[in-house]
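**Student:** Below you'll find query-v5.json; it's JSON, C-alpha atoms and all ligand atoms.
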[["chain", "number", "residue", "atom", "x", "y", "z"],
["P", 1, "MET", "CA", 0.00, 0.00, 0.00],
["P", 2, "HIS", "CA", 1.24, 3.47, -0.88],
["P", 3, "LEU", "CA", 2.23, 5.66, 1.99],
["P", 4, "LYS", "CA", -0.46, 8.12, 0.89],
["P", 5, "ASN", "CA", -3.09, 5.36, 1.01],
["P", 6, "VAL", "CA", -1.87, 4.27, 4.43],
["P", 7, "ILE", "CA", -2.22, 7.82, 5.69],
["P", 8, "ILE", "CA", -5.70, 8.15, 4.19],
["P", 9, "SER", "CA", -6.77, 4.76, 5.65],
["P", 10, "SER", "CA", -5.41, 5.66, 9.08],
["P", 11, "PHE", "CA", -7.20, 8.98, 8.90],
["P", 12, "LEU", "CA", -10.49, 7.30, 7.97],
["P", 13, "LEU", "CA", -10.07, 4.73, 10.74],
["P", 14, "ALA", "CA", -9.46, 7.53, 13.23],
["P", 15, "VAL", "CA", -12.58, 9.34, 12.01],
["P", 16, "ILE", "CA", -14.68, 6.17, 12.28],
["P", 17, "CYS", "CA", -13.36, 5.51, 15.81],
["P", 18, "GLN", "CA", -14.18, 9.10, 16.74],
["P", 19, "ILE", "CA", -17.70, 8.70, 15.37],
["P", 20, "SER", "CA", -18.32, 5.39, 17.14],
["P", 21, "LEU", "CA", -16.86, 6.72, 20.38],
["P", 22, "TYR", "CA", -18.90, 9.85, 20.04],
["P", 23, "SER", "CA", -22.11, 7.98, 19.33],
["P", 24, "GLN", "CA", -21.90, 5.90, 22.51],
["P", 25, "GLU", "CA", -24.57, 7.32, 24.77],
["P", 26, "LYS", "CA", -23.52, 7.85, 28.39],
["P", 27, "ILE", "CA", -26.59, 7.19, 30.46],
["P", 28, "ILE", "CA", -27.59, 7.58, 34.09],
["P", 29, "PHE", "CA", -30.73, 5.52, 34.65],
["P", 30, "ASP", "CA", -32.95, 6.79, 37.51],
["P", 31, "THR", "CA", -35.73, 4.34, 38.31],
["P", 32, "ASP", "CA", -38.52, 3.42, 40.74],
["P", 33, "PHE", "CA", -37.50, -0.21, 40.53],
["P", 34, "ASP", "CA", -40.35, -1.62, 42.58],
["P", 35, "SER", "CA", -44.03, -1.04, 41.86],
["P", 36, "ASP", "CA", -44.09, -1.68, 38.11],
["P", 37, "ILE", "CA", -42.11, -3.90, 35.76],
["P", 38, "ASP", "CA", -41.57, -1.63, 32.75],
["P", 39, "ASP", "CA", -38.47, -0.39, 34.62],
["P", 40, "VAL", "CA", -37.03, -3.89, 34.36],
["P", 41, "GLY", "CA", -37.80, -4.04, 30.64],
["P", 42, "ALA", "CA", -36.12, -0.66, 30.16],
["P", 43, "LEU", "CA", -33.00, -1.73, 32.06],
["P", 44, "TYR", "CA", -32.79, -4.87, 29.92],
["P", 45, "MET", "CA", -32.87, -2.69, 26.80],
["P", 46, "LEU", "CA", -30.02, -0.56, 28.17],
["P", 47, "HIS", "CA", -27.90, -3.66, 28.79],
["P", 48, "THR", "CA", -28.64, -4.92, 25.27],
["P", 49, "PHE", "CA", -27.56, -1.55, 23.87],
["P", 50, "ALA", "CA", -24.45, -1.69, 26.09],
["P", 51, "ASP", "CA", -23.59, -5.15, 24.72],
["P", 52, "ARG", "CA", -23.78, -3.66, 21.22],
["P", 53, "GLY", "CA", -21.44, -0.84, 22.21],
["P", 54, "ASP", "CA", -24.11, 1.85, 21.81],
["P", 55, "VAL", "CA", -24.41, 2.74, 25.50],
["P", 56, "GLU", "CA", -22.31, 3.09, 28.61],
["P", 57, "ILE", "CA", -24.44, 2.75, 31.74],
["P", 58, "LEU", "CA", -22.79, 5.18, 34.15],
["P", 59, "ALA", "CA", -25.05, 4.51, 37.13],
["P", 60, "THR", "CA", -28.39, 3.02, 38.09],
["P", 61, "ILE", "CA", -30.10, 5.14, 40.73],
["P", 62, "LEU", "CA", -33.30, 4.47, 42.66],
["P", 63, "SER", "CA", -35.89, 7.18, 43.25],
["P", 64, "THR", "CA", -37.66, 4.94, 45.76],
["P", 65, "THR", "CA", -36.76, 3.36, 49.08],
["P", 66, "HIS", "CA", -38.20, -0.14, 48.84],
["P", 67, "PHE", "CA", -35.77, -2.35, 50.82],
["P", 68, "TRP", "CA", -35.22, -5.02, 48.14],
["P", 69, "SER", "CA", -34.87, -2.74, 45.11],
["P", 70, "PRO", "CA", -31.08, -2.16, 45.31],
["P", 71, "PHE", "CA", -30.50, -5.92, 45.57],
["P", 72, "ALA", "CA", -32.78, -6.60, 42.59],
["P", 73, "LEU", "CA", -31.15, -3.84, 40.55],
["P", 74, "ASP", "CA", -27.67, -5.20, 41.29],
["P", 75, "ALA", "CA", -28.83, -8.76, 40.52],
["P", 76, "ILE", "CA", -29.89, -7.70, 37.03],
["P", 77, "ASN", "CA", -26.73, -5.65, 36.39],
["P", 78, "THR", "CA", -24.75, -8.69, 37.58],
["P", 79, "PHE", "CA", -26.72, -11.07, 35.32],
["P", 80, "TRP", "CA", -25.69, -8.86, 32.41],
["P", 81, "GLY", "CA", -22.01, -9.07, 33.38],
["P", 82, "ARG", "CA", -21.87, -5.54, 34.83],
["P", 83, "PRO", "CA", -21.82, -6.20, 38.59],
["P", 84, "ASP", "CA", -19.99, -2.97, 39.39],
["P", 85, "ILE", "CA", -22.36, -0.38, 37.95],
["P", 86, "PRO", "CA", -22.81, 2.03, 40.87],
["P", 87, "ILE", "CA", -26.19, 1.93, 42.60],
["P", 88, "GLY", "CA", -27.67, 4.95, 44.34],
["P", 89, "ALA", "CA", -30.77, 5.65, 46.40],
["P", 90, "PRO", "CA", -32.24, 8.60, 48.29],
["P", 91, "PHE", "CA", -31.20, 8.28, 51.95],
["P", 92, "ILE", "CA", -34.52, 9.74, 53.14],
["P", 93, "GLU", "CA", -38.01, 8.44, 53.89],
["P", 94, "GLY", "CA", -38.89, 8.69, 50.19],
["P", 95, "VAL", "CA", -41.51, 6.85, 48.17],
["P", 96, "ASN", "CA", -42.02, 3.12, 48.75],
["P", 97, "LYS", "CA", -44.87, 1.53, 46.85],
["P", 98, "GLY", "CA", -44.00, -2.14, 47.40],
["P", 99, "SER", "CA", -43.01, -4.67, 44.77],
["P", 100, "VAL", "CA", -44.23, -8.02, 43.50],
["P", 101, "TYR", "CA", -40.77, -8.98, 42.21],
["P", 102, "ALA", "CA", -37.89, -7.17, 43.97],
["P", 103, "GLU", "CA", -37.53, -9.51, 46.98],
["P", 104, "THR", "CA", -37.70, -12.67, 44.86],
["P", 105, "ILE", "CA", -35.13, -11.37, 42.35],
["P", 106, "ALA", "CA", -32.88, -10.21, 45.21],
["P", 107, "LYS", "CA", -32.97, -13.63, 46.88],
["P", 108, "THR", "CA", -32.83, -15.80, 43.73],
["P", 109, "PHE", "CA", -30.17, -14.16, 41.56],
["P", 110, "PRO", "CA", -26.58, -13.38, 42.63],
["P", 111, "ASN", "CA", -25.74, -9.86, 43.75],
["P", 112, "ASP", "CA", -23.34, -8.31, 46.24],
["P", 113, "MET", "CA", -25.41, -5.55, 47.82],
["P", 114, "GLY", "CA", -24.65, -7.17, 51.21],
["P", 115, "GLU", "CA", -26.92, -5.45, 53.75],
["P", 116, "GLN", "CA", -27.13, -2.51, 51.35],
["P", 117, "LYS", "CA", -23.60, -1.41, 52.24],
["P", 118, "GLN", "CA", -22.76, -0.82, 48.57],
["P", 119, "ILE", "CA", -25.46, 1.79, 48.02],
["P", 120, "GLU", "CA", -24.38, 5.37, 47.53],
["P", 121, "GLU", "CA", -26.48, 8.35, 48.48],
["P", 122, "ALA", "CA", -28.14, 9.45, 45.23],
["P", 123, "THR", "CA", -27.05, 13.11, 45.16],
["P", 124, "ASN", "CA", -23.46, 12.21, 45.98],
["P", 125, "LEU", "CA", -23.47, 9.57, 43.24],
["P", 126, "TYR", "CA", -24.91, 11.97, 40.66],
["P", 127, "ARG", "CA", -22.26, 14.56, 41.51],
["P", 128, "ARG", "CA", -19.42, 12.03, 41.52],
["P", 129, "ILE", "CA", -20.40, 10.63, 38.12],
["P", 130, "LEU", "CA", -21.29, 13.91, 36.40],
["P", 131, "SER", "CA", -18.10, 15.64, 37.50],
["P", 132, "SER", "CA", -16.00, 12.87, 35.91],
["P", 133, "GLN", "CA", -17.64, 13.09, 32.47],
["P", 134, "GLU", "CA", -16.98, 15.20, 29.37],
["P", 135, "ASP", "CA", -18.99, 18.39, 29.06],
["P", 136, "ALA", "CA", -22.47, 18.07, 27.52],
["P", 137, "SER", "CA", -22.10, 14.31, 27.20],
["P", 138, "VAL", "CA", -24.46, 12.71, 29.71],
["P", 139, "THR", "CA", -28.07, 11.71, 29.09],
["P", 140, "MET", "CA", -30.10, 11.51, 32.28],
["P", 141, "VAL", "CA", -33.06, 9.18, 32.01],
["P", 142, "THR", "CA", -35.71, 9.24, 34.73],
["P", 143, "VAL", "CA", -38.41, 6.60, 34.62],
["P", 144, "GLY", "CA", -39.54, 7.07, 38.22],
["P", 145, "HIS", "CA", -40.13, 9.89, 40.68],
["P", 146, "LEU", "CA", -38.18, 13.15, 40.51],
["P", 147, "THR", "CA", -36.88, 13.13, 44.10],
["P", 148, "ASN", "CA", -33.22, 12.75, 43.13],
["P", 149, "ILE", "CA", -33.35, 15.37, 40.38],
["P", 150, "ALA", "CA", -34.59, 18.08, 42.74],
["P", 151, "LYS", "CA", -31.93, 17.19, 45.30],
["P", 152, "LEU", "CA", -29.23, 17.25, 42.64],
["P", 153, "LEU", "CA", -30.28, 20.71, 41.41],
["P", 154, "GLU", "CA", -30.31, 22.00, 45.00],
["P", 155, "SER", "CA", -26.91, 20.50, 45.85],
["P", 156, "GLU", "CA", -23.94, 22.63, 46.90],
["P", 157, "PRO", "CA", -20.26, 22.47, 45.84],
["P", 158, "ASP", "CA", -18.50, 19.47, 47.41],
["P", 159, "GLU", "CA", -15.44, 17.23, 47.12],
["P", 160, "TRP", "CA", -16.46, 16.24, 43.55],
["P", 161, "SER", "CA", -17.03, 19.64, 42.04],
["P", 162, "PRO", "CA", -16.85, 23.35, 42.92],
["P", 163, "LEU", "CA", -20.07, 23.83, 40.94],
["P", 164, "SER", "CA", -23.58, 23.98, 42.33],
["P", 165, "GLY", "CA", -25.92, 21.19, 41.27],
["P", 166, "LYS", "CA", -27.58, 23.35, 38.65],
["P", 167, "GLU", "CA", -24.23, 24.51, 37.22],
["P", 168, "LEU", "CA", -22.93, 20.95, 37.14],
["P", 169, "VAL", "CA", -26.01, 19.74, 35.24],
["P", 170, "ARG", "CA", -25.80, 22.67, 32.81],
["P", 171, "LYS", "CA", -22.16, 21.78, 32.08],
["P", 172, "LYS", "CA", -22.31, 18.00, 31.83],
["P", 173, "VAL", "CA", -25.82, 16.99, 30.77],
["P", 174, "LYS", "CA", -26.89, 16.81, 27.14],
["P", 175, "TRP", "CA", -30.53, 15.81, 27.60],
["P", 176, "TRP", "CA", -32.89, 14.95, 30.36],
["P", 177, "VAL", "CA", -35.31, 12.29, 29.13],
["P", 178, "ALA", "CA", -38.15, 12.17, 31.64],
["P", 179, "MET", "CA", -40.99, 9.69, 31.63],
["P", 180, "LEU", "CA", -43.68, 11.75, 33.35],
["P", 181, "GLY", "CA", -46.27, 9.01, 33.45],
["P", 182, "GLU", "CA", -49.70, 8.34, 32.05],
["P", 183, "GLY", "CA", -51.69, 11.56, 31.84],
["P", 184, "MET", "CA", -48.46, 13.46, 32.73],
["P", 185, "ASN", "CA", -49.16, 12.42, 36.25],
["P", 186, "TRP", "CA", -48.06, 9.13, 37.81],
["P", 187, "ASN", "CA", -44.33, 9.68, 38.31],
["P", 188, "MET", "CA", -44.81, 13.22, 39.61],
["P", 189, "ARG", "CA", -47.68, 12.77, 42.02],
["P", 190, "TRP", "CA", -45.83, 11.06, 44.88],
["P", 191, "ASP", "CA", -43.17, 13.72, 45.45],
["P", 192, "ARG", "CA", -44.77, 16.88, 44.14],
["P", 193, "ASP", "CA", -42.32, 19.35, 45.68],
["P", 194, "ALA", "CA", -39.47, 17.54, 43.97],
["P", 195, "SER", "CA", -41.40, 17.48, 40.68],
["P", 196, "LYS", "CA", -41.87, 21.23, 40.87],
["P", 197, "THR", "CA", -38.19, 21.95, 41.49],
["P", 198, "ALA", "CA", -36.94, 19.43, 38.92],
["P", 199, "ILE", "CA", -39.22, 20.51, 36.08],
["P", 200, "ASN", "CA", -39.14, 24.26, 36.62],
["P", 201, "GLU", "CA", -35.43, 24.57, 37.32],
["P", 202, "PHE", "CA", -33.76, 22.00, 35.08],
["P", 203, "PRO", "CA", -31.14, 23.98, 33.15],
["P", 204, "VAL", "CA", -30.93, 21.96, 29.91],
["P", 205, "PRO", "CA", -33.67, 20.83, 27.52],
["P", 206, "VAL", "CA", -36.11, 18.26, 28.80],
["P", 207, "VAL", "CA", -37.53, 15.62, 26.50],
["P", 208, "PHE", "CA", -40.55, 14.17, 28.21],
["P", 209, "THR", "CA", -42.58, 11.12, 27.34],
["P", 210, "VAL", "CA", -46.10, 10.24, 28.34],
["P", 211, "ASP", "CA", -47.36, 7.46, 26.09],
["P", 212, "GLY", "CA", -46.90, 3.75, 26.61],
["P", 213, "GLN", "CA", -50.06, 2.35, 28.12],
["P", 214, "ALA", "CA", -51.17, 0.78, 24.82],
["P", 215, "VAL", "CA", -47.70, -0.51, 23.91],
["P", 216, "LYS", "CA", -47.83, -3.98, 25.42],
["P", 217, "THR", "CA", -44.73, -6.13, 25.86],
["P", 218, "GLY", "CA", -43.44, -8.97, 28.00],
["P", 219, "ARG", "CA", -45.10, -12.15, 26.74],
["P", 220, "ARG", "CA", -41.95, -13.30, 24.94],
["P", 221, "THR", "CA", -39.86, -13.12, 28.13],
["P", 222, "GLN", "CA", -41.50, -16.46, 28.96],
["P", 223, "GLU", "CA", -39.56, -18.07, 26.08],
["P", 224, "LEU", "CA", -36.27, -17.30, 27.89],
["P", 225, "PRO", "CA", -34.48, -19.81, 30.17],
["P", 226, "ASP", "CA", -35.48, -19.92, 33.87],
["P", 227, "THR", "CA", -32.01, -18.58, 34.72],
["P", 228, "ASN", "CA", -32.97, -15.19, 33.23],
["P", 229, "PRO", "CA", -34.42, -12.87, 35.91],
["P", 230, "ILE", "CA", -36.76, -11.01, 33.53],
["P", 231, "LYS", "CA", -38.68, -14.23, 32.98],
["P", 232, "THR", "CA", -39.34, -14.41, 36.73],
["P", 233, "VAL", "CA", -40.29, -10.71, 36.91],
["P", 234, "TYR", "CA", -42.94, -10.95, 34.19],
["P", 235, "LYS", "CA", -44.20, -14.28, 35.56],
["P", 236, "LEU", "CA", -44.66, -12.79, 39.05],
["P", 237, "TRP", "CA", -46.53, -9.86, 37.52],
["P", 238, "GLU", "CA", -48.82, -12.21, 35.61],
["P", 239, "ASN", "CA", -49.48, -14.29, 38.73],
["P", 240, "HIS", "CA", -50.39, -11.18, 40.72],
["P", 241, "TYR", "CA", -52.26, -9.05, 38.17],
["P", 242, "ASN", "CA", -53.40, -11.70, 35.68],
["P", 243, "GLU", "CA", -51.75, -9.72, 32.88],
["P", 244, "ILE", "CA", -49.35, -11.45, 30.45],
["P", 245, "ASP", "CA", -48.22, -8.28, 28.67],
["P", 246, "ARG", "CA", -47.48, -5.00, 30.39],
["P", 247, "SER", "CA", -47.47, -1.37, 29.22],
["P", 248, "SER", "CA", -44.11, 0.02, 28.06],
["P", 249, "TRP", "CA", -43.82, 3.61, 29.27],
["P", 250, "ASP", "CA", -40.25, 3.30, 30.55],
["P", 251, "GLN", "CA", -39.01, 1.37, 27.52],
["P", 252, "ILE", "CA", -40.20, 4.18, 25.22],
["P", 253, "SER", "CA", -38.18, 6.85, 27.01],
["P", 254, "THR", "CA", -35.17, 4.54, 27.10],
["P", 255, "LEU", "CA", -35.43, 3.75, 23.40],
["P", 256, "PHE", "CA", -35.52, 7.47, 22.62],
["P", 257, "ALA", "CA", -32.58, 8.17, 24.95],
["P", 258, "VAL", "CA", -30.40, 5.80, 22.91],
["P", 259, "GLU", "CA", -31.78, 5.99, 19.37],
["P", 260, "GLY", "CA", -33.09, 9.57, 19.23],
["P", 261, "GLU", "CA", -36.03, 10.35, 16.93],
["P", 262, "SER", "CA", -34.92, 7.65, 14.44],
["P", 263, "ASP", "CA", -37.73, 5.83, 12.63],
["P", 264, "TYR", "CA", -39.83, 5.58, 15.77],
["P", 265, "PHE", "CA", -40.42, 9.05, 17.19],
["P", 266, "LYS", "CA", -40.82, 12.73, 16.51],
["P", 267, "LEU", "CA", -40.27, 15.63, 18.89],
["P", 268, "LYS", "CA", -42.39, 18.74, 19.22],
["P", 269, "ARG", "CA", -41.15, 21.87, 20.92],
["P", 270, "GLY", "CA", -42.79, 23.70, 23.76],
["P", 271, "THR", "CA", -42.50, 24.62, 27.41],
["P", 272, "LEU", "CA", -43.01, 22.24, 30.30],
["P", 273, "SER", "CA", -43.78, 23.65, 33.74],
["P", 274, "PHE", "CA", -45.21, 22.41, 37.04],
["P", 275, "THR", "CA", -47.39, 23.91, 39.73],
["P", 276, "LEU", "CA", -48.44, 22.25, 42.97],
["P", 277, "GLU", "CA", -52.08, 23.06, 42.15],
["P", 278, "ASP", "CA", -52.26, 21.84, 38.55],
["P", 279, "GLY", "CA", -49.32, 19.46, 38.19],
["P", 280, "ALA", "CA", -47.46, 19.39, 34.88],
["P", 281, "ILE", "CA", -48.46, 21.87, 32.20],
["P", 282, "TRP", "CA", -47.40, 21.64, 28.56],
["P", 283, "GLU", "CA", -47.60, 24.57, 26.18],
["P", 284, "ALA", "CA", -46.67, 23.65, 22.62],
["P", 285, "GLY", "CA", -44.76, 26.37, 20.78],
["P", 286, "GLU", "CA", -41.77, 26.73, 18.48],
["P", 287, "ASN", "CA", -39.90, 29.00, 20.92],
["P", 288, "GLY", "CA", -40.04, 26.55, 23.84],
["P", 289, "GLN", "CA", -36.88, 25.00, 25.29],
["P", 290, "ASP", "CA", -38.40, 21.58, 25.96],
["P", 291, "TYR", "CA", -39.67, 18.73, 23.82],
["P", 292, "ARG", "CA", -42.53, 16.31, 23.95],
["P", 293, "LEU", "CA", -42.08, 12.89, 22.36],
["P", 294, "TYR", "CA", -44.66, 11.44, 20.00],
["P", 295, "ASN", "CA", -44.69, 8.00, 18.42],
["P", 296, "LYS", "CA", -44.31, 7.83, 14.66],
["P", 297, "ILE", "CA", -45.12, 4.14, 14.22],
["P", 298, "SER", "CA", -48.07, 2.09, 15.44],
["P", 299, "ASN", "CA", -48.26, 0.77, 19.01],
["P", 300, "GLU", "CA", -47.90, -2.77, 17.68],
["P", 301, "GLU", "CA", -44.78, -1.95, 15.67],
["P", 302, "LEU", "CA", -43.24, -0.13, 18.62],
["P", 303, "ALA", "CA", -44.07, -3.06, 20.91],
["P", 304, "GLU", "CA", -42.24, -5.41, 18.57],
["P", 305, "VAL", "CA", -39.11, -3.22, 18.48],
["P", 306, "ILE", "CA", -39.11, -2.91, 22.28],
["P", 307, "GLU", "CA", -39.84, -6.53, 23.12],
["P", 308, "ASN", "CA", -37.08, -7.65, 20.77],
["P", 309, "LEU", "CA", -34.63, -5.50, 22.78],
["P", 310, "MET", "CA", -35.94, -6.99, 26.06],
["P", 311, "ILE", "CA", -35.34, -10.64, 25.19],
["P", 312, "GLN", "CA", -31.71, -10.60, 24.04],
["P", 313, "GLU", "CA", -29.31, -12.75, 26.06],
["P", 314, "PRO", "CA", -26.20, -11.20, 27.65],
["P", 315, "LYS", "CA", -22.98, -11.47, 25.64],
["P", 316, "LYS", "CA", -21.02, -11.81, 28.91],
["P", 401, "CA", "CA", -22.65, -5.21, 42.56],
["P", 402, "CA", "CA", -40.95, 3.41, 36.35]]
Can the structure in the file be given as structure tokens, please?

**Tutor:**
Amino acid sequence: MHLKNVIISSFLLAVICQISLYSQEKIIFDTDFDSDIDDVGALYMLHTFADRGDVEILATILSTTHFWSPFALDAINTFWGRPDIPIGAPFIEGVNKGSVYAETIAKTFPNDMGEQKQIEEATNLYRRILSSQEDASVTMVTVGHLTNIAKLLESEPDEWSPLSGKELVRKKVKWWVAMLGEGMNWNMRWDRDASKTAINEFPVPVVFTVDGQAVKTGRRTQELPDTNPIKTVYKLWENHYNEIDRSSWDQISTLFAVEGESDYFKLKRGTLSFTLEDGAIWEAGENGQDYRLYNKISNEELAEVIENLMIQEPKK
């Protein structure tokens, strides 16, 4: 090969590496990993994307305080060959809505949460992780309550960063993808003060998602081996609620966080705000700083895309 060709090839290789490095989404996943099972489906999708090299999962953080959730979360990260993903939780009373699966997953599948000693306080974990990342590189995904987001925005300079919480987010975060819940309600109703602070004061664009009730997934998890925790999760749900498929709110926000608008979604601009009296308010408008996500394909097509990402086996 001519020297010139070698130089050109090396240059192209470098460009391709840059592009692939650049396109790896750095994600902090903030979840109420207890009362519903779409969180589990969403985490499975993230691990599948991580196996493909499309995602780095920087941390998995709980917005709830159910005792068994950190163990269950670690068990699933461990099953996927990522036992050391940091796990955070709010060290306060917080929201605890119980779980039909967390205790069973915690006690059946290996994890090393050991009396919860490995859990980091959520705000500290956010600050530790964000401060170590490139500017404008992190996608925050919340598929639960907004408790941690409010506390992060209100946080003061500390050993990790001389910046306030709001300054740190403005510097490091690219997007906040927030699943607000059916009717723009569920995820925000249990900690309304936090919802108000998080939504009104978040310093970078928010992409929020609402839809998902009619996007039903989960049935095909029952084709997986018994050693796969998601099979147990969906089975326990079916036993308790007599429902084989479950809505996919959290998977939709997670799919957008990784793939962007792609073939599946479109964004519309506007302004999202929150009042204690009226809850979340959306005003569509071209000059808004925020975005609302809409589906571009049918519920059935979206369900197929999502379920396919939920039933991949770990590469290990
Ligand atoms: Ca672990
Ligand atoms: Ca959730």

**Student:** Go through P:Arg192, P:Thr147, P:Gly212, P:Met179 one by one, measure the shortest atom-to-atom distance of each to Glu277 in chain P using all atoms listed in the file, and give the residue with the smallest value.

**Tutor:**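 The shortest atom-to-atom distance to Glu277 in chain P comes from P:Arg192.
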
**Student:** Go through P:Tyr234, P:Phe274, P:Tyr291, P:Phe33 one by one, measure the shortest atom-to-atom distance of each to ligand CA 402 (chain P) using all atoms listed in the file, and give the residue with the smallest value.

**Tutor:**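 Using all atoms listed in the file, the shortest distance to ligand CA 402 (chain P) belongs to P:Phe33.
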
**Student:** Report as a tab-separated table the residues of chain P within 6 Å of ligand CA 401 (chain P), each with its shortest atom pair and distance in Å (one decimal), using only C-alpha atoms and all ligand atoms, ordered by chain and increasing residue number.

**Tutor:**
residue	atom	partner	partner_atom	distance
P:Asp74	CA	P:CA401	CA	5.2
P:Pro83	CA	P:CA401	CA	4.2
P:Asp84	CA	P:CA401	CA	4.7
P:Asn111	CA	P:CA401	CA	5.7
P:Asp112	CA	P:CA401	CA	4.9
P:Met113	CA	P:CA401	CA	5.9

**Student:** Tell me which of P:Leu46, P:Leu180, P:Ala102, P:Leu224 sits closest to Leu236 in chain P, counting all atoms listed in the file.

**Tutor:** P:Ala102

**Student:** Using all atoms listed in the file, find the one residue out of P:Ala75, P:Ala136, P:Ile252, P:Ile297 that sits nearest to ligand CA 402 (chain P).

**Tutor:**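 Checking each of P:Ala75, P:Ala136, P:Ile252, P:Ile297 against ligand CA 402 (chain P), counting all atoms listed in the file, the winner is P:Ile252.
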
**Student:** Find the distance between CA of Thr197 in chain P and CA of Pro70 in chain P and write it in Å to one decimal.

**Tutor:**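 Interatomic distance here is 25.4 Å.
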
**Student:** Using all atoms listed in the file, which residue out of P:Phe265, P:Phe202, P:Phe71, P:Trp186 lies closest to ligand CA 402 (chain P)?

**Tutor:** P:Trp186

**Student:** Would you give me, as a tab-separated table, each residue of chain P having an atom within 9 Å of an atom of ligand CA 402 (chain P), along with its shortest atom pair and that distance in Å to one decimal, using only C-alpha atoms and all ligand atoms and sorting by chain and residue number?

**Tutor:**
residue	atom	partner	partner_atom	distance
P:Asp30	CA	P:CA402	CA	8.8
P:Thr31	CA	P:CA402	CA	5.7
P:Asp32	CA	P:CA402	CA	5.0
P:Phe33	CA	P:CA402	CA	6.5
P:Asp34	CA	P:CA402	CA	8.0
P:Ser35	CA	P:CA402	CA	7.7
P:Asp36	CA	P:CA402	CA	6.2
P:Ile37	CA	P:CA402	CA	7.4
P:Asp38	CA	P:CA402	CA	6.2
P:Asp39	CA	P:CA402	CA	4.9
P:Val40	CA	P:CA402	CA	8.5
P:Ala42	CA	P:CA402	CA	8.8
P:Thr142	CA	P:CA402	CA	8.0
P:Val143	CA	P:CA402	CA	4.4
P:Gly144	CA	P:CA402	CA	4.3
P:His145	CA	P:CA402	CA	7.8
P:Met179	CA	P:CA402	CA	7.9
P:Gly181	CA	P:CA402	CA	8.3
P:Asn187	CA	P:CA402	CA	7.4
P:Trp249	CA	P:CA402	CA	7.6
P:Asp250	CA	P:CA402	CA	5.8

**Student:** Rounded to one decimal in Å, what is the spacing between CA of Thr217 in chain P and CA of Ser248 in chain P?

**Tutor:**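 Going from CA of Thr217 in chain P over to CA of Ser248 in chain P covers 6.6 Å.
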
**Student:** Between CA of Ile87 in chain P and CA of Glu120 in chain P, what distance in Å does the model show, to one decimal?

**Tutor:**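 Here the two named atoms are 6.3 Å from each other.
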